[in-house]
Amino acid sequence: MKAKYRAALLCILIAVVLPPLVDWKIHREIQNHLKVKISGDFFPALLNPSYALRNVRFEWPDKIRLFSGNLEIEYNPLAVLEIRPLVVHVTGENLQVQLLGRWAEAQGVGKTFIKKLDAKFRIDSRGLREVYLLKIDSPAFQFHIKESEILNGKPYLPAKSLGEAA
């Protein structure tokens, strides 16, 4: 009987400990692959392949600086096993940002407030590879690439058009 209790306890322990560890690994991979340092409060989800970042701050050189806000990050858990590419879905609201480099020039905006952000993209060791979805709602500008604009399962916007090396 003790073996059954031990097995049940082990299963519960794995179910409680493993998801936050996977969340942290994905969080580190995002930082390493995009070459950004993200600070803020990390809140893993227990039963969902996602985590939240509260009071988050980061700078992605020559692209964007986030001064404050909250983000939700979802991912495919098979990416941890390297069975699937790392596709990340980021959502956020009420973000204080500054667009940098070519992004600032393209939008004609520097510091701004983003009411809503919805982005889905693929990254690997070479950085940002493909953008599948990007919606930005800001009083200063609107930018939308909708999923309906993605043809044949291929991304509408290759990362090289965002200034990334191919």
# chains A, B, ... in the order shown; residues from 1 in each chain; ligands from 1
call {"tool": "residues_around", "arguments": {"residues": "Ile73 (chain A)", "least_positions_apart": "4", "cutoff": "8 Å", "atoms": "only C-alpha atoms", "output": "ChimeraX atom specification"}}
result
/A:50-53,88-91
call {"tool": "write_last_selection", "arguments": {"atoms": "N, CA and C atoms", "output": "compact mmCIF listing (two decimals), in the first residue's frame"}}
result
# COMPACT_ATOMS: atom_id res chain seq x y z
N SER A 50 2.12 28.05 -20.14
CA SER A 50 2.15 29.51 -20.23
C SER A 50 2.67 30.07 -18.91
N TYR A 51 3.00 31.35 -18.95
CA TYR A 51 3.38 32.05 -17.72
C TYR A 51 3.10 33.52 -17.91
N ALA A 52 3.09 34.24 -16.80
CA ALA A 52 2.82 35.67 -16.83
C ALA A 52 4.06 36.41 -16.34
N LEU A 53 4.25 37.59 -16.89
CA LEU A 53 5.29 38.50 -16.43
C LEU A 53 4.60 39.79 -15.99
N VAL A 88 5.92 31.19 -29.94
CA VAL A 88 5.53 31.91 -28.74
C VAL A 88 4.36 32.83 -29.06
N HIS A 89 3.36 32.83 -28.19
CA HIS A 89 2.22 33.73 -28.32
C HIS A 89 2.25 34.68 -27.13
N VAL A 90 2.44 35.97 -27.40
CA VAL A 90 2.57 36.98 -26.36
C VAL A 90 1.37 37.92 -26.44
N THR A 91 0.72 38.13 -25.30
CA THR A 91 -0.35 39.11 -25.23
C THR A 91 -0.05 40.05 -24.07
call {"tool": "select_by_dssp", "arguments": {"residues": "chain A", "states": "strand (DSSP E)", "output": "VMD selection string"}}
result
chain A and resid 37 to 44 50 to 60 64 to 75 86 to 99 111 to 124 127 to 137 142 to 145 157 to 158
call {"tool": "select_by_dssp", "arguments": {"residues": "region 33-158 of chain A", "states": "alpha helix (DSSP H)", "output": "list in words"}}
result
His33, Leu34, Gly101, Arg102, Trp103, Ala104, Glu105, Ala106 and Gln107 of chain A
call {"tool": "residues_around", "arguments": {"residues": "Ile30 (chain A)", "least_positions_apart": "5", "cutoff": "10 Å", "atoms": "only C-alpha atoms", "output": "ChimeraX atom specification"}}
result
/A:24-25,35-38,86,88,123-125,127-128
call {"tool": "atom_distance", "arguments": {"atom1": "CA of Glu74 (chain A)", "atom2": "CA of Gln96 (chain A)"}}
result
21.2 Å
call {"tool": "closest_residue", "arguments": {"among": "A:Gly101, A:Gly69, A:Pro77, A:Gly40", "to": "Ile26 (chain A)", "atoms": "only C-alpha atoms"}}
result
A:Pro77
call {"tool": "residues_around", "arguments": {"residues": "region 56-63 of chain A", "least_positions_apart": "4", "cutoff": "12 Å", "atoms": "only C-alpha atoms", "output": "JSON, numbers by chain"}}
result
{"A": [30, 31, 32, 33, 34, 35, 36, 37, 38, 39, 40, 41, 42, 43, 52, 67, 68, 69, 70, 71, 72, 92, 93, 94, 95, 96, 97, 98, 99, 100, 101, 102, 103, 104, 105, 106, 107, 110, 127, 128, 162, 163, 164]}
call {"tool": "closest_residue", "arguments": {"among": "A:Val87, A:Leu117, A:Val22, A:Cys11", "to": "Arg129 (chain A)", "atoms": "only C-alpha atoms"}}
result
A:Val87
call {"tool": "residues_around", "arguments": {"residues": "Phe141 (chain A)", "least_positions_apart": "3", "cutoff": "10 Å", "atoms": "only C-alpha atoms", "output": "list in words"}}
result
Gln107, Gly108, Val109, Thr112, Phe113, Ile114, Ile136, Asp137 and Ser138 of chain A
call {"tool": "atom_distance", "arguments": {"atom1": "CA of Lys116 (chain A)", "atom2": "CA of Glu130 (chain A)"}}
result
20.7 Å
call {"tool": "residues_around", "arguments": {"residues": "Ala15 (chain A)", "least_positions_apart": "4", "cutoff": "9 Å", "atoms": "only C-alpha atoms", "output": "count of residues only"}}
result
5
call {"tool": "atom_distance", "arguments": {"atom1": "CA of Ala140 (chain A)", "atom2": "CA of Lys115 (chain A)"}}
result
10.2 Å
